[in-house]
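File shown here: my_file.txt, holding compact mmCIF, N, CA and C atoms.
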# COMPACT_ATOMS: atom_id res chain seq x y z
N MET Q 1 0.84 -1.17 0.00
CA MET Q 1 0.00 0.00 0.00
C MET Q 1 0.89 1.25 0.00
N LYS Q 2 0.60 2.17 -0.90
CA LYS Q 2 1.34 3.42 -0.98
C LYS Q 2 0.94 4.33 0.17
N LYS Q 3 1.89 5.17 0.62
CA LYS Q 3 1.63 6.08 1.73
C LYS Q 3 1.80 7.52 1.27
N ALA Q 4 0.88 8.38 1.73
CA ALA Q 4 0.93 9.79 1.35
C ALA Q 4 0.80 10.66 2.60
N LEU Q 5 1.44 11.82 2.55
CA LEU Q 5 1.39 12.81 3.63
C LEU Q 5 0.69 14.05 3.11
N PHE Q 6 -0.24 14.58 3.90
CA PHE Q 6 -0.92 15.82 3.56
C PHE Q 6 -0.94 16.71 4.79
N VAL Q 7 -0.27 17.84 4.71
CA VAL Q 7 -0.25 18.82 5.80
C VAL Q 7 -1.28 19.88 5.45
N THR Q 8 -2.24 20.11 6.36
CA THR Q 8 -3.36 20.99 6.05
C THR Q 8 -3.59 22.05 7.12
N ASN Q 9 -4.18 23.15 6.69
CA ASN Q 9 -4.61 24.19 7.62
C ASN Q 9 -6.08 23.99 7.99
N CYS Q 10 -6.66 22.91 7.53
CA CYS Q 10 -8.06 22.53 7.81
C CYS Q 10 -9.07 23.50 7.20
N SER Q 11 -8.74 24.06 6.06
CA SER Q 11 -9.69 24.94 5.38
C SER Q 11 -10.69 24.11 4.59
N VAL Q 12 -11.84 24.69 4.31
CA VAL Q 12 -12.85 24.04 3.48
C VAL Q 12 -12.27 23.75 2.10
N ASP Q 13 -11.51 24.71 1.57
CA ASP Q 13 -10.91 24.53 0.24
C ASP Q 13 -9.99 23.31 0.20
N SER Q 14 -9.21 23.10 1.26
CA SER Q 14 -8.29 21.96 1.26
C SER Q 14 -9.06 20.65 1.30
N ALA Q 15 -10.17 20.60 2.04
CA ALA Q 15 -10.98 19.38 2.09
C ALA Q 15 -11.59 19.08 0.72
N LEU Q 16 -12.13 20.11 0.08
CA LEU Q 16 -12.71 19.91 -1.25
C LEU Q 16 -11.66 19.51 -2.28
N ALA Q 17 -10.50 20.16 -2.21
CA ALA Q 17 -9.42 19.82 -3.14
C ALA Q 17 -8.96 18.38 -2.94
N LEU Q 18 -8.86 17.95 -1.69
CA LEU Q 18 -8.46 16.57 -1.41
C LEU Q 18 -9.51 15.57 -1.91
N CYS Q 19 -10.77 15.91 -1.74
CA CYS Q 19 -11.83 15.03 -2.25
C CYS Q 19 -11.78 14.92 -3.77
N ASN Q 20 -11.59 16.04 -4.44
CA ASN Q 20 -11.47 16.03 -5.90
C ASN Q 20 -10.26 15.21 -6.34
N TRP Q 21 -9.17 15.36 -5.62
CA TRP Q 21 -7.95 14.59 -5.90
C TRP Q 21 -8.22 13.10 -5.74
N ALA Q 22 -8.97 12.74 -4.69
CA ALA Q 22 -9.29 11.33 -4.45
C ALA Q 22 -10.11 10.75 -5.60
N VAL Q 23 -11.06 11.51 -6.10
CA VAL Q 23 -11.90 11.05 -7.21
C VAL Q 23 -11.05 10.83 -8.46
N GLU Q 24 -10.13 11.74 -8.73
CA GLU Q 24 -9.30 11.66 -9.93
C GLU Q 24 -8.25 10.56 -9.86
N ASN Q 25 -7.81 10.19 -8.66
CA ASN Q 25 -6.69 9.27 -8.52
C ASN Q 25 -7.05 7.89 -7.99
N ASP Q 26 -8.32 7.64 -7.65
CA ASP Q 26 -8.73 6.34 -7.15
C ASP Q 26 -7.77 5.81 -6.08
N PRO Q 27 -7.73 6.47 -4.91
CA PRO Q 27 -6.71 6.16 -3.91
C PRO Q 27 -7.05 5.02 -2.95
N GLU Q 28 -7.73 3.99 -3.42
CA GLU Q 28 -8.10 2.90 -2.52
C GLU Q 28 -6.88 2.25 -1.90
N SER Q 29 -5.76 2.29 -2.56
CA SER Q 29 -4.56 1.68 -2.02
C SER Q 29 -3.61 2.71 -1.40
N ILE Q 30 -4.15 3.87 -1.03
CA ILE Q 30 -3.34 4.93 -0.43
C ILE Q 30 -3.66 5.05 1.05
N ALA Q 31 -2.62 4.94 1.86
CA ALA Q 31 -2.74 5.22 3.29
C ALA Q 31 -2.34 6.69 3.47
N LEU Q 32 -3.32 7.53 3.79
CA LEU Q 32 -3.09 8.97 3.89
C LEU Q 32 -2.91 9.37 5.34
N THR Q 33 -1.84 10.10 5.61
CA THR Q 33 -1.62 10.71 6.92
C THR Q 33 -1.89 12.20 6.77
N VAL Q 34 -2.88 12.70 7.50
CA VAL Q 34 -3.24 14.11 7.47
C VAL Q 34 -2.70 14.74 8.75
N VAL Q 35 -1.89 15.77 8.60
CA VAL Q 35 -1.30 16.46 9.74
C VAL Q 35 -1.80 17.89 9.76
N HIS Q 36 -2.33 18.29 10.90
CA HIS Q 36 -2.77 19.68 11.10
C HIS Q 36 -1.80 20.33 12.09
N PRO Q 37 -0.84 21.12 11.58
CA PRO Q 37 0.09 21.78 12.49
C PRO Q 37 -0.55 23.02 13.12
N TYR Q 38 -0.15 23.32 14.31
CA TYR Q 38 -0.60 24.54 14.97
C TYR Q 38 0.61 25.16 15.66
N ASP Q 39 0.52 26.44 15.91
CA ASP Q 39 1.66 27.16 16.44
C ASP Q 39 1.18 28.18 17.47
N LEU Q 40 2.07 28.62 18.31
CA LEU Q 40 1.81 29.66 19.30
C LEU Q 40 2.91 30.70 19.21
N GLU Q 41 2.58 31.89 19.62
CA GLU Q 41 3.61 32.92 19.74
C GLU Q 41 4.46 32.61 20.96
N SER Q 42 5.71 33.04 20.96
CA SER Q 42 6.61 32.72 22.06
C SER Q 42 6.11 33.25 23.40
N TRP Q 43 5.39 34.36 23.39
CA TRP Q 43 4.89 34.91 24.64
C TRP Q 43 3.70 34.12 25.19
N GLU Q 44 3.15 33.20 24.39
CA GLU Q 44 2.02 32.38 24.81
C GLU Q 44 2.44 31.03 25.37
N LEU Q 45 3.71 30.75 25.42
CA LEU Q 45 4.17 29.42 25.79
C LEU Q 45 4.05 29.17 27.29
N ASN Q 46 2.91 28.67 27.67
CA ASN Q 46 2.70 28.18 29.02
C ASN Q 46 1.79 26.97 28.92
N LYS Q 47 1.72 26.21 29.98
CA LYS Q 47 1.00 24.93 29.95
C LYS Q 47 -0.46 25.09 29.50
N GLN Q 48 -1.15 26.07 30.05
CA GLN Q 48 -2.57 26.26 29.72
C GLN Q 48 -2.75 26.66 28.26
N ALA Q 49 -1.92 27.58 27.77
CA ALA Q 49 -2.04 28.03 26.38
C ALA Q 49 -1.76 26.88 25.41
N ILE Q 50 -0.78 26.06 25.73
CA ILE Q 50 -0.45 24.93 24.87
C ILE Q 50 -1.61 23.93 24.84
N LYS Q 51 -2.17 23.66 26.01
CA LYS Q 51 -3.29 22.73 26.10
C LYS Q 51 -4.49 23.24 25.30
N GLU Q 52 -4.80 24.52 25.43
CA GLU Q 52 -5.93 25.10 24.69
C GLU Q 52 -5.67 25.11 23.19
N ALA Q 53 -4.44 25.42 22.78
CA ALA Q 53 -4.11 25.42 21.35
C ALA Q 53 -4.24 24.03 20.76
N LYS Q 54 -3.78 23.03 21.49
CA LYS Q 54 -3.90 21.65 21.01
C LYS Q 54 -5.36 21.25 20.87
N GLN Q 55 -6.19 21.63 21.84
CA GLN Q 55 -7.61 21.31 21.78
C GLN Q 55 -8.28 21.99 20.59
N ARG Q 56 -7.94 23.27 20.36
CA ARG Q 56 -8.49 23.98 19.20
C ARG Q 56 -8.08 23.29 17.91
N ALA Q 57 -6.81 22.88 17.82
CA ALA Q 57 -6.32 22.20 16.62
C ALA Q 57 -7.05 20.87 16.41
N GLN Q 58 -7.26 20.13 17.48
CA GLN Q 58 -7.99 18.86 17.36
C GLN Q 58 -9.43 19.09 16.95
N ASP Q 59 -10.05 20.13 17.49
CA ASP Q 59 -11.43 20.46 17.10
C ASP Q 59 -11.50 20.86 15.63
N GLN Q 60 -10.54 21.66 15.17
CA GLN Q 60 -10.51 22.07 13.76
C GLN Q 60 -10.34 20.86 12.86
N LEU Q 61 -9.44 19.96 13.25
CA LEU Q 61 -9.21 18.76 12.45
C LEU Q 61 -10.46 17.88 12.43
N GLY Q 62 -11.14 17.77 13.56
CA GLY Q 62 -12.38 16.99 13.61
C GLY Q 62 -13.45 17.58 12.69
N SER Q 63 -13.59 18.89 12.70
CA SER Q 63 -14.55 19.56 11.80
C SER Q 63 -14.17 19.36 10.35
N TRP Q 64 -12.88 19.43 10.07
CA TRP Q 64 -12.38 19.24 8.71
C TRP Q 64 -12.68 17.83 8.23
N LEU Q 65 -12.50 16.85 9.11
CA LEU Q 65 -12.79 15.47 8.74
C LEU Q 65 -14.26 15.26 8.43
N LYS Q 66 -15.14 16.00 9.10
CA LYS Q 66 -16.57 15.91 8.81
C LYS Q 66 -16.85 16.39 7.39
N LEU Q 67 -16.07 17.35 6.91
CA LEU Q 67 -16.22 17.78 5.51
C LEU Q 67 -15.89 16.64 4.56
N LEU Q 68 -14.87 15.85 4.89
CA LEU Q 68 -14.53 14.70 4.06
C LEU Q 68 -15.65 13.66 4.11
N ASP Q 69 -16.20 13.44 5.30
CA ASP Q 69 -17.29 12.46 5.43
C ASP Q 69 -18.50 12.87 4.61
N GLY Q 70 -18.73 14.18 4.50
CA GLY Q 70 -19.87 14.68 3.73
C GLY Q 70 -19.72 14.45 2.24
N THR Q 71 -18.52 14.09 1.80
CA THR Q 71 -18.29 13.84 0.37
C THR Q 71 -17.85 12.39 0.17
N ASP Q 72 -18.47 11.49 0.91
CA ASP Q 72 -18.19 10.05 0.85
C ASP Q 72 -16.86 9.66 1.48
N GLY Q 73 -16.25 10.56 2.23
CA GLY Q 73 -15.05 10.21 2.98
C GLY Q 73 -13.84 9.90 2.13
N TRP Q 74 -12.84 9.37 2.78
CA TRP Q 74 -11.61 8.97 2.10
C TRP Q 74 -11.69 7.49 1.81
N PRO Q 75 -11.52 7.08 0.57
CA PRO Q 75 -11.69 5.67 0.22
C PRO Q 75 -10.58 4.75 0.72
N GLY Q 76 -9.38 5.27 0.96
CA GLY Q 76 -8.28 4.45 1.49
C GLY Q 76 -8.25 4.53 3.00
N THR Q 77 -7.10 4.22 3.59
CA THR Q 77 -6.98 4.37 5.04
C THR Q 77 -6.56 5.79 5.36
N LEU Q 78 -6.99 6.27 6.52
CA LEU Q 78 -6.76 7.66 6.90
C LEU Q 78 -6.30 7.72 8.35
N GLN Q 79 -5.19 8.39 8.56
CA GLN Q 79 -4.66 8.61 9.91
C GLN Q 79 -4.49 10.12 10.08
N THR Q 80 -4.91 10.64 11.22
CA THR Q 80 -4.80 12.08 11.44
C THR Q 80 -4.00 12.37 12.70
N GLU Q 81 -3.40 13.55 12.72
CA GLU Q 81 -2.73 14.00 13.94
C GLU Q 81 -2.55 15.51 13.90
N THR Q 82 -2.41 16.06 15.09
CA THR Q 82 -2.06 17.47 15.23
C THR Q 82 -0.62 17.52 15.71
N LEU Q 83 0.07 18.59 15.36
CA LEU Q 83 1.47 18.72 15.73
C LEU Q 83 1.78 20.19 15.96
N MET Q 84 2.37 20.49 17.12
CA MET Q 84 2.74 21.87 17.41
C MET Q 84 4.02 22.19 16.65
N ALA Q 85 3.84 22.80 15.49
CA ALA Q 85 4.96 23.12 14.61
C ALA Q 85 4.43 23.99 13.47
N SER Q 86 5.33 24.58 12.73
CA SER Q 86 4.94 25.26 11.50
C SER Q 86 4.62 24.18 10.47
N PRO Q 87 3.89 24.51 9.42
CA PRO Q 87 3.61 23.50 8.39
C PRO Q 87 4.89 22.90 7.80
N ARG Q 88 5.88 23.74 7.55
CA ARG Q 88 7.14 23.25 6.98
C ARG Q 88 7.87 22.30 7.94
N LEU Q 89 7.90 22.66 9.22
CA LEU Q 89 8.55 21.79 10.21
C LEU Q 89 7.79 20.48 10.37
N ALA Q 90 6.48 20.55 10.37
CA ALA Q 90 5.67 19.33 10.48
C ALA Q 90 5.96 18.37 9.32
N ALA Q 91 6.01 18.90 8.11
CA ALA Q 91 6.31 18.07 6.95
C ALA Q 91 7.73 17.50 7.03
N THR Q 92 8.67 18.33 7.45
CA THR Q 92 10.06 17.88 7.57
C THR Q 92 10.19 16.75 8.59
N ILE Q 93 9.57 16.92 9.74
CA ILE Q 93 9.61 15.89 10.78
C ILE Q 93 9.06 14.57 10.24
N HIS Q 94 7.92 14.64 9.59
CA HIS Q 94 7.30 13.42 9.06
C HIS Q 94 8.18 12.75 8.02
N LEU Q 95 8.74 13.53 7.12
CA LEU Q 95 9.56 12.94 6.06
C LEU Q 95 10.87 12.37 6.60
N LEU Q 96 11.36 12.92 7.68
CA LEU Q 96 12.59 12.39 8.28
C LEU Q 96 12.34 11.13 9.10
N LEU Q 97 11.16 11.04 9.71
CA LEU Q 97 10.89 9.92 10.61
C LEU Q 97 10.10 8.77 9.98
N ARG Q 98 9.36 9.05 8.92
CA ARG Q 98 8.51 8.03 8.30
C ARG Q 98 8.77 7.97 6.81
N THR Q 99 8.36 6.88 6.23
CA THR Q 99 8.52 6.70 4.78
C THR Q 99 7.19 6.99 4.09
N TYR Q 100 7.25 7.88 3.11
CA TYR Q 100 6.07 8.21 2.32
C TYR Q 100 6.41 8.09 0.84
N ASP Q 101 5.42 7.69 0.07
CA ASP Q 101 5.59 7.65 -1.38
C ASP Q 101 5.25 8.99 -2.01
N TYR Q 102 4.30 9.71 -1.38
CA TYR Q 102 3.82 10.98 -1.92
C TYR Q 102 3.70 12.03 -0.82
N VAL Q 103 3.96 13.26 -1.20
CA VAL Q 103 3.65 14.41 -0.35
C VAL Q 103 2.62 15.21 -1.13
N VAL Q 104 1.40 15.22 -0.62
CA VAL Q 104 0.31 15.91 -1.30
C VAL Q 104 0.29 17.36 -0.81
N VAL Q 105 0.33 18.29 -1.75
CA VAL Q 105 0.33 19.72 -1.40
C VAL Q 105 -0.82 20.41 -2.09
N GLU Q 106 -1.39 21.37 -1.38
CA GLU Q 106 -2.53 22.10 -1.94
C GLU Q 106 -2.08 23.13 -2.96
N ASP Q 107 -1.02 23.88 -2.64
CA ASP Q 107 -0.55 24.96 -3.51
C ASP Q 107 0.94 24.83 -3.73
N PRO Q 108 1.36 24.21 -4.83
CA PRO Q 108 2.80 23.99 -5.06
C PRO Q 108 3.56 25.27 -5.35
N TRP Q 109 2.87 26.35 -5.67
CA TRP Q 109 3.55 27.59 -6.04
C TRP Q 109 3.60 28.59 -4.90
N HIS Q 110 3.28 28.13 -3.70
CA HIS Q 110 3.33 29.00 -2.52
C HIS Q 110 4.74 29.56 -2.37
N GLN Q 111 4.85 30.77 -1.87
CA GLN Q 111 6.16 31.44 -1.75
C GLN Q 111 7.17 30.62 -0.94
N THR Q 112 6.74 30.00 0.15
CA THR Q 112 7.62 29.17 0.95
C THR Q 112 7.21 27.72 0.74
N PRO Q 113 8.00 26.96 0.01
CA PRO Q 113 7.62 25.57 -0.26
C PRO Q 113 7.48 24.77 1.03
N LEU Q 114 6.51 23.85 1.04
CA LEU Q 114 6.28 23.02 2.21
C LEU Q 114 7.49 22.14 2.51
N VAL Q 115 8.09 21.59 1.49
CA VAL Q 115 9.28 20.75 1.67
C VAL Q 115 10.32 21.15 0.63
N SER Q 116 11.56 21.01 1.01
CA SER Q 116 12.64 21.37 0.09
C SER Q 116 12.83 20.25 -0.94
N ALA Q 117 13.39 20.63 -2.06
CA ALA Q 117 13.68 19.65 -3.11
C ALA Q 117 14.68 18.60 -2.60
N GLU Q 118 15.62 19.04 -1.78
CA GLU Q 118 16.62 18.12 -1.23
C GLU Q 118 15.97 17.09 -0.31
N LEU Q 119 15.05 17.53 0.53
CA LEU Q 119 14.36 16.61 1.44
C LEU Q 119 13.50 15.62 0.64
N LEU Q 120 12.84 16.09 -0.38
CA LEU Q 120 12.07 15.18 -1.24
C LEU Q 120 12.97 14.14 -1.90
N ARG Q 121 14.10 14.60 -2.39
CA ARG Q 121 15.04 13.69 -3.04
C ARG Q 121 15.53 12.63 -2.06
N ARG Q 122 15.91 13.07 -0.88
CA ARG Q 122 16.42 12.13 0.13
C ARG Q 122 15.36 11.14 0.61
N SER Q 123 14.13 11.62 0.74
CA SER Q 123 13.07 10.76 1.24
C SER Q 123 12.54 9.81 0.17
N GLY Q 124 12.72 10.19 -1.09
CA GLY Q 124 12.19 9.38 -2.18
C GLY Q 124 10.72 9.63 -2.45
N ALA Q 125 10.12 10.58 -1.74
CA ALA Q 125 8.70 10.89 -1.93
C ALA Q 125 8.50 11.75 -3.17
N GLN Q 126 7.37 11.58 -3.80
CA GLN Q 126 7.01 12.36 -4.98
C GLN Q 126 6.04 13.46 -4.57
N LEU Q 127 6.27 14.68 -5.03
CA LEU Q 127 5.39 15.81 -4.75
C LEU Q 127 4.15 15.71 -5.63
N CYS Q 128 2.97 15.77 -5.02
CA CYS Q 128 1.71 15.68 -5.76
C CYS Q 128 0.84 16.89 -5.46
N PRO Q 129 0.88 17.91 -6.31
CA PRO Q 129 -0.01 19.06 -6.13
C PRO Q 129 -1.46 18.65 -6.37
N LEU Q 130 -2.36 19.03 -5.48
CA LEU Q 130 -3.76 18.64 -5.61
C LEU Q 130 -4.37 19.10 -6.92
N ALA Q 131 -4.05 20.30 -7.34
CA ALA Q 131 -4.68 20.87 -8.53
C ALA Q 131 -4.17 20.24 -9.82
N GLU Q 132 -3.01 19.61 -9.79
CA GLU Q 132 -2.42 19.12 -11.03
C GLU Q 132 -2.14 17.63 -11.04
N SER Q 133 -2.73 16.87 -10.12
CA SER Q 133 -2.27 15.49 -9.95
C SER Q 133 -3.22 14.42 -10.48
N ALA Q 134 -4.06 14.74 -11.40
CA ALA Q 134 -4.98 13.72 -11.94
C ALA Q 134 -4.19 12.59 -12.55
N GLY Q 135 -4.46 11.40 -12.09
CA GLY Q 135 -3.80 10.22 -12.64
C GLY Q 135 -2.35 10.04 -12.23
N VAL Q 136 -1.86 10.77 -11.23
CA VAL Q 136 -0.46 10.67 -10.84
C VAL Q 136 -0.18 9.37 -10.10
N LEU Q 137 -1.10 8.89 -9.32
CA LEU Q 137 -0.87 7.74 -8.46
C LEU Q 137 -1.10 6.43 -9.20
N ARG Q 138 -0.18 6.08 -10.02
CA ARG Q 138 -0.32 4.84 -10.79
C ARG Q 138 0.86 3.93 -10.49

Using structure tokens, write down the structure from this file.
Amino acid sequence: MKKALFVTNCSVDSALALCNWAVENDPESIALTVVHPYDLESWELNKQAIKEAKQRAQDQLGSWLKLLDGTDGWPGTLQTETLMASPRLAATIHLLLRTYDYVVVEDPWHQTPLVSAELLRRSGAQLCPLAESAGVLR
């Protein structure tokens, strides 16, 4: 089974884009890990603020998953997690610690790339932009 990583901000657009991607790529054999990173300002770093931020992130991810369920869900296996990190750090941590075949990105032309070309090369993962990936997973 192929494995894919998707780091999301839990927007409605990202859920819809992922659903469209799933329809185009028939991902029944894809184990998708969805990571919702969250961050705090340095002045907010205390136990209570961290706990509340984590709860908010989990609630956002839960609401986001309901959007997927409303569109027939994810046809393959789905694992979710929240991580206190920037989106780039979250992706880097995952690619360094786990093996993925694909890194699914919503906007490949974003000013700050989610993952570096060097990290992709080292990990062996293929970058799959949601908007341009019809038929990529073959």

Who sits within 8 Å of range 7-15 of chain Q, only N, CA and C atoms, same chain under 4 positions skipped, as a PyMOL selection string: chain Q and resi 19-21+33-37+60-61+63-65+67-68+87+90-91+103-106

Shell of 7 Å around Tyr100 in chain Q, only C-alpha atoms, local chain residues under 4 positions omitted, as a list in words: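 After dropping sequence-adjacent residues, the list is Lys3, Ala4, Leu5, Leu95 and Ala125 of chain Q.
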
If we count all atoms listed in the file and set the cut-off at 5 Å, which residues sit around range 38-40 of chain Q, ignoring sequence neighbours fewer than 5 positions away in its own chain? Please answer as a list in words.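 The neighbour list is Leu83, Met84 and Ala85 of chain Q.
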
Extract the full set of alpha helix (DSSP H) residues from chain Q according to DSSP on the backbone, and format it as number ranges by chain. Q: 12-25, 47-69, 87-97, 117-123

Report, in Å to a single decimal, how far apart atom N of Glu81 in chain Q and CA of Asp69 in chain Q are.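 Computed distance, CA of Asp69 in chain Q to atom N of Glu81 in chain Q, equals 15.7 Å.
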
When DSSP works through the backbone of this structure, what residues of chain Q end up as strand (DSSP E), shown as a ChimeraX atom specification? /Q:2-7,30-38,77-84,102-105,126-129

In Å to one decimal, how far is atom N of Leu32 in chain Q from atom C of Gln79 in chain Q?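 Between atom C of Gln79 in chain Q and atom N of Leu32 in chain Q the gap is 6.9 Å.
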